[in-house]
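Peer 1: Please find coords.txt (compact mmCIF, C-alpha atoms) on the next line:
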```txt
# COMPACT_ATOMS: atom_id res chain seq x y z
CA MET A 1 -2.38 -37.82 -33.77
CA ILE A 2 1.00 -36.49 -32.67
CA ALA A 3 4.16 -36.19 -34.78
CA GLY A 4 7.81 -36.24 -33.67
CA GLU A 5 8.99 -38.13 -30.59
CA PHE A 6 5.47 -39.28 -29.67
CA ARG A 7 4.30 -39.85 -33.25
CA SER A 8 1.26 -42.00 -33.87
CA ARG A 9 0.20 -41.75 -30.23
CA ARG A 10 -3.44 -40.86 -29.66
CA LEU A 11 -4.40 -38.50 -26.89
CA LYS A 12 -7.58 -38.67 -24.88
CA THR A 13 -10.12 -35.86 -25.20
CA LEU A 14 -13.23 -34.96 -23.27
CA PRO A 15 -16.51 -36.11 -24.83
CA GLY A 16 -18.96 -33.54 -26.16
CA THR A 17 -18.29 -30.00 -27.24
CA THR A 18 -16.71 -28.70 -24.02
CA LEU A 19 -13.30 -28.50 -25.71
CA ARG A 20 -12.59 -27.44 -29.27
CA PRO A 21 -9.40 -29.23 -30.27
CA THR A 22 -7.02 -27.65 -32.76
CA PRO A 23 -7.62 -29.50 -36.04
CA ASP A 24 -4.80 -31.90 -36.96
CA ARG A 25 -4.07 -30.14 -40.28
CA LEU A 26 -3.85 -26.73 -38.62
CA ARG A 27 -1.59 -28.11 -35.87
CA GLU A 28 0.65 -29.69 -38.52
CA ALA A 29 0.87 -26.40 -40.43
CA LEU A 30 1.64 -24.55 -37.18
CA PHE A 31 4.53 -26.84 -36.31
CA ASN A 32 5.91 -26.76 -39.85
CA VAL A 33 6.19 -22.98 -39.45
CA LEU A 34 7.63 -23.31 -35.91
CA ALA A 35 10.22 -25.97 -36.88
CA PRO A 36 13.24 -23.61 -36.83
CA ARG A 37 12.25 -22.15 -33.41
CA ILE A 38 10.88 -25.08 -31.40
CA ALA A 39 14.04 -27.04 -30.50
CA GLY A 40 15.02 -26.30 -26.92
CA ALA A 41 12.30 -23.67 -26.44
CA VAL A 42 9.90 -23.22 -23.54
CA PHE A 43 6.38 -23.50 -25.01
CA LEU A 44 3.31 -22.24 -23.16
CA ASP A 45 -0.09 -23.70 -24.13
CA ALA A 46 -2.80 -21.42 -22.67
CA TYR A 47 -6.43 -22.60 -22.68
CA ALA A 48 -4.81 -26.00 -23.18
CA GLY A 49 -7.86 -28.29 -23.35
CA SER A 50 -6.46 -31.81 -23.84
CA GLY A 51 -2.88 -30.49 -23.98
CA ALA A 52 -2.42 -31.68 -27.57
CA VAL A 53 -0.63 -28.55 -28.82
CA GLY A 54 1.81 -28.39 -25.90
CA ILE A 55 2.44 -32.13 -26.12
CA GLU A 56 3.11 -31.73 -29.85
CA ALA A 57 5.64 -29.00 -28.98
CA LEU A 58 7.42 -31.41 -26.62
CA SER A 59 7.28 -34.13 -29.24
CA ARG A 60 8.88 -31.79 -31.77
CA GLY A 61 11.78 -30.80 -29.52
CA ALA A 62 10.62 -28.13 -27.06
CA ALA A 63 12.62 -28.38 -23.84
CA ARG A 64 9.58 -27.69 -21.67
CA ALA A 65 5.85 -27.12 -21.99
CA ILE A 66 3.62 -25.18 -19.63
CA PHE A 67 -0.10 -25.94 -19.79
CA ILE A 68 -2.70 -23.48 -18.46
CA GLU A 69 -6.29 -24.67 -18.12
CA LYS A 70 -9.10 -23.58 -15.81
CA HIS A 71 -11.50 -26.53 -16.22
CA PHE A 72 -10.71 -29.24 -13.68
CA ALA A 73 -11.77 -32.13 -15.96
CA ALA A 74 -9.42 -30.84 -18.67
CA VAL A 75 -6.55 -30.45 -16.18
CA ARG A 76 -7.02 -34.09 -15.17
CA LEU A 77 -7.07 -35.04 -18.86
CA ILE A 78 -3.83 -33.15 -19.59
CA ARG A 79 -2.12 -34.89 -16.67
CA GLU A 80 -3.43 -38.26 -17.84
CA ASN A 81 -2.17 -37.62 -21.40
CA LEU A 82 1.25 -36.58 -20.06
CA ARG A 83 1.41 -39.68 -17.85
CA SER A 84 0.47 -41.96 -20.77
CA LEU A 85 3.49 -40.60 -22.68
CA GLY A 86 5.86 -40.94 -19.73
CA ILE A 87 6.00 -37.19 -19.12
CA GLU A 88 5.26 -36.34 -15.52
CA ASP A 89 4.57 -32.79 -14.40
CA ARG A 90 5.43 -33.29 -10.72
CA ALA A 91 9.01 -32.04 -10.97
CA GLY A 92 8.04 -29.47 -13.58
CA ASP A 93 11.24 -30.06 -15.55
CA ARG A 94 9.64 -31.10 -18.85
CA ALA A 95 5.97 -30.28 -18.29
CA MET A 96 4.05 -28.12 -15.85
CA VAL A 97 0.26 -27.92 -15.56
CA SER A 98 -1.23 -24.76 -14.08
CA HIS A 99 -4.88 -25.00 -13.00
CA GLY A 100 -6.59 -21.62 -13.18
CA ALA A 101 -7.58 -18.72 -15.38
CA ALA A 102 -5.17 -18.02 -18.22
CA VAL A 103 -4.70 -14.26 -17.99
CA PRO A 104 -3.41 -14.15 -14.39
CA ALA A 105 -1.19 -17.17 -15.11
CA LEU A 106 0.21 -15.49 -18.23
CA ALA A 107 1.15 -12.50 -16.08
CA ARG A 108 3.42 -14.69 -13.93
CA LEU A 109 4.68 -17.44 -16.29
CA GLU A 110 7.30 -16.94 -18.99
CA ALA A 111 8.09 -18.80 -22.18
CA GLU A 112 9.68 -18.22 -25.56
CA ILE A 113 6.63 -19.36 -27.53
CA TYR A 114 3.05 -18.74 -26.36
CA PHE A 115 0.04 -20.48 -27.90
CA LEU A 116 -3.40 -19.01 -27.12
CA ASP A 117 -6.64 -20.75 -27.95
CA PRO A 118 -9.41 -19.22 -25.82
CA PRO A 119 -12.99 -20.37 -26.27
CA TYR A 120 -14.37 -18.70 -29.40
CA THR A 121 -17.39 -17.68 -27.31
CA GLU A 122 -15.11 -15.47 -25.17
CA PRO A 123 -13.46 -12.98 -27.56
CA ALA A 124 -12.51 -10.66 -24.67
CA GLU A 125 -9.99 -13.34 -23.57
CA TYR A 126 -7.93 -12.60 -26.69
CA GLN A 127 -7.69 -8.91 -25.83
CA ALA A 128 -6.79 -9.61 -22.20
CA ALA A 129 -4.21 -12.33 -22.94
CA LEU A 130 -2.58 -10.48 -25.82
CA GLY A 131 -2.55 -7.33 -23.71
CA VAL A 132 -0.54 -9.11 -20.99
CA LEU A 133 1.80 -10.73 -23.52
CA GLY A 134 2.30 -7.42 -25.35
CA GLU A 135 4.77 -6.53 -22.60
CA ARG A 136 6.83 -9.70 -23.12
CA SER A 137 9.51 -10.84 -25.50
CA GLY A 138 8.75 -13.84 -27.64
CA LEU A 139 6.53 -15.35 -30.28
CA VAL A 140 2.78 -15.42 -29.62
CA LEU A 141 0.37 -17.52 -31.65
CA ALA A 142 -3.36 -16.96 -31.33
CA GLN A 143 -5.81 -19.47 -32.79
CA HIS A 144 -9.15 -17.82 -33.55
CA GLU A 145 -12.19 -17.90 -35.78
CA LYS A 146 -11.40 -16.68 -39.25
CA ARG A 147 -14.01 -13.93 -38.95
CA LEU A 148 -12.60 -12.55 -35.66
CA GLU A 149 -10.41 -9.53 -36.31
CA LEU A 150 -7.50 -9.25 -33.92
CA ALA A 151 -5.45 -6.05 -33.76
CA GLU A 152 -2.22 -5.69 -35.71
CA GLN A 153 -0.34 -4.78 -32.52
CA TYR A 154 -0.61 -5.42 -28.76
CA GLY A 155 2.01 -3.48 -26.82
CA GLY A 156 5.34 -4.50 -28.31
CA LEU A 157 3.86 -7.44 -30.26
CA ARG A 158 3.28 -6.96 -33.98
CA ARG A 159 1.33 -9.39 -36.15
CA THR A 160 3.63 -10.81 -38.81
CA ARG A 161 1.47 -13.52 -40.37
CA VAL A 162 -1.99 -15.03 -40.47
CA LEU A 163 -2.40 -18.66 -41.45
CA THR A 164 -6.01 -19.64 -42.29
CA GLN A 165 -7.41 -23.12 -42.74
CA GLY A 166 -11.15 -23.67 -42.99
CA ASP A 167 -12.91 -21.62 -40.28
CA ASN A 168 -9.75 -21.31 -38.16
CA SER A 169 -6.94 -18.79 -38.31
CA LEU A 170 -3.60 -18.53 -36.54
CA SER A 171 -2.25 -15.03 -35.99
CA PHE A 172 1.51 -14.86 -35.40
CA TYR A 173 2.81 -12.00 -33.24
CA LEU A 174 6.47 -11.19 -32.61
CA SER A 175 8.18 -8.86 -30.19
CA PRO A 176 11.08 -6.82 -31.60
CA ALA A 177 13.57 -8.95 -29.60
CA ALA A 178 12.08 -12.19 -30.96
CA ALA A 179 12.10 -10.81 -34.51
CA SER A 180 15.83 -10.10 -34.24
CA GLY A 181 16.48 -13.56 -32.82
CA ARG A 182 17.29 -12.42 -29.27
CA SER A 183 14.40 -14.20 -27.52
```
Show me this structure written as structure tokens.
Peer 2:
Amino acid sequence: MIAGEFRSRRLKTLPGTTLRPTPDRLREALFNVLAPRIAGAVFLDAYAGSGAVGIEALSRGAARAIFIEKHFAAVRLIRENLRSLGIEDRAGDRAMVSHGAAVPALARLEAEIYFLDPPYTEPAEYQAALGVLGERSGLVLAQHEKRLELAEQYGGLRRTRVLTQGDNSLSFYLSPAAASGRS
């Protein structure tokens, strides 16, 4: 269930365990923390799955959302969810869907807020994605298993907070420019 502009709208998901959606309570906690930063921001949802987190960002006031997903069925699902809400990604003004691996896409796409949620079975994706984003300015959020230890720093990104709920954690990383409000 989405809050904000698209509140009470249900999004489609893929059947089975192919995607691991961000739990509703964790997503709500995330956006409560992001509330002062989300309005007018460009939000990038990497390893997007159904697109629920990026769509929530749009619903809560982000100017634009970029979705990165490598699985074709999930890309189709994201586009279908966007279409059902009246958000088309053809012009790329409010939403853009990038089909492909996340790390190379992160190297070429820019945002103010980055959300990473790689498959928990691929911990090396965290290191690679955070390594690329360590050279950027902005806020980076990484959803991961509670027992996975991420580094305190990646390049210029420093971890400022960890929010844990059940078996999931969200690590918040800020660049110095983002911490001072310049990003």
Peer 1: Rounded to one decimal in Å, what is the spacing between CA of Tyr126 (chain A) and CA of Gln143 (chain A)?
Peer 2: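 Separation of CA of Tyr126 (chain A) and CA of Gln143 (chain A): 9.4 Å.
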Peer 1: Between CA of Asp24 (chain A) and CA of Ala52 (chain A), what is the distance, to one decimal in Å?
Peer 2: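 Distance reported for this atom pair: 9.7 Å.
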Peer 1: Return the single residue from A:Glu28, A:Asp93, A:Glu80, A:Asp167 that is closest to Lys146 (chain A), with distances computed using only C-alpha atoms.
Peer 2: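 Smallest distance to Lys146 (chain A) is found for A:Asp167.
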Peer 1: Would you mind listing what lies within 9 Å of His99 (chain A) as a ChimeraX atom specification, with all atoms listed in the file counted and same-chain residues fewer than 5 positions away left out?
Peer 2: /A:67-72,75,105
Peer 1: In the coordinates of the file, take the point (2.9, -10.4, -22.0) and a cut-off of 10 Å; then, counting only C-alpha atoms, name each qualifying protein, DNA or RNA residue as a ChimeraX atom specification.
Peer 2: /A:103,106-111,114,128-138,140,154-157,175
Peer 1: My list of candidates is A:Asn81, A:Arg76, A:Leu116, A:Ala124. Which is closest to Asp45 (chain A) when distances are computed with all atoms listed in the file?
Peer 2: A:Leu116
Peer 1: Could you check which of A:Ala39, A:Leu30, A:Thr121, A:Leu82 is closest to Phe172 (chain A), using all atoms listed in the file?
Peer 2: A:Leu30
Peer 1: Please determine, counting all atoms listed in the file, which residue among A:Leu77, A:Ala46, A:Ala142, A:Ala57 has the shortest atom-to-atom distance to Ala102 (chain A).
Peer 2: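 Closest to Ala102 (chain A), using all atoms listed in the file: A:Ala46.
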Peer 1: So, with only C-alpha atoms as the atoms that count, which of A:Ile78, A:Gln153, A:Val97, A:Glu145 lies closest to Asn168 (chain A)?
Peer 2: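 Under the stated criterion, the closest residue is A:Glu145.
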Peer 1: Report the distance between CA of Leu139 (chain A) and CA of Ala65 (chain A) in Å, rounded to one decimal place.
Peer 2: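 Pair CA of Leu139 (chain A) / CA of Ala65 (chain A) returns 14.4 Å.
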Peer 1: Compare A:Thr160, A:Gln165, A:Ser84, A:Asn32 by their minimum atom-to-atom distance to Leu141 (chain A), counting all atoms listed in the file, and give me the closest one.
Peer 2: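 Closest residue, counting all atoms listed in the file: A:Thr160.
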Peer 1: Any chance you could work out the axis-aligned box around region 113-123 of chain A, listed atoms only, 6 Å on each side, giving centre and edge lengths in Å to one decimal, as AutoDock Vina command-line options?
Peer 2:
```
--center_x -5.4 --center_y -16.9 --center_z -27.3 --size_x 36.0 --size_y 19.8 --size_z 16.2
```
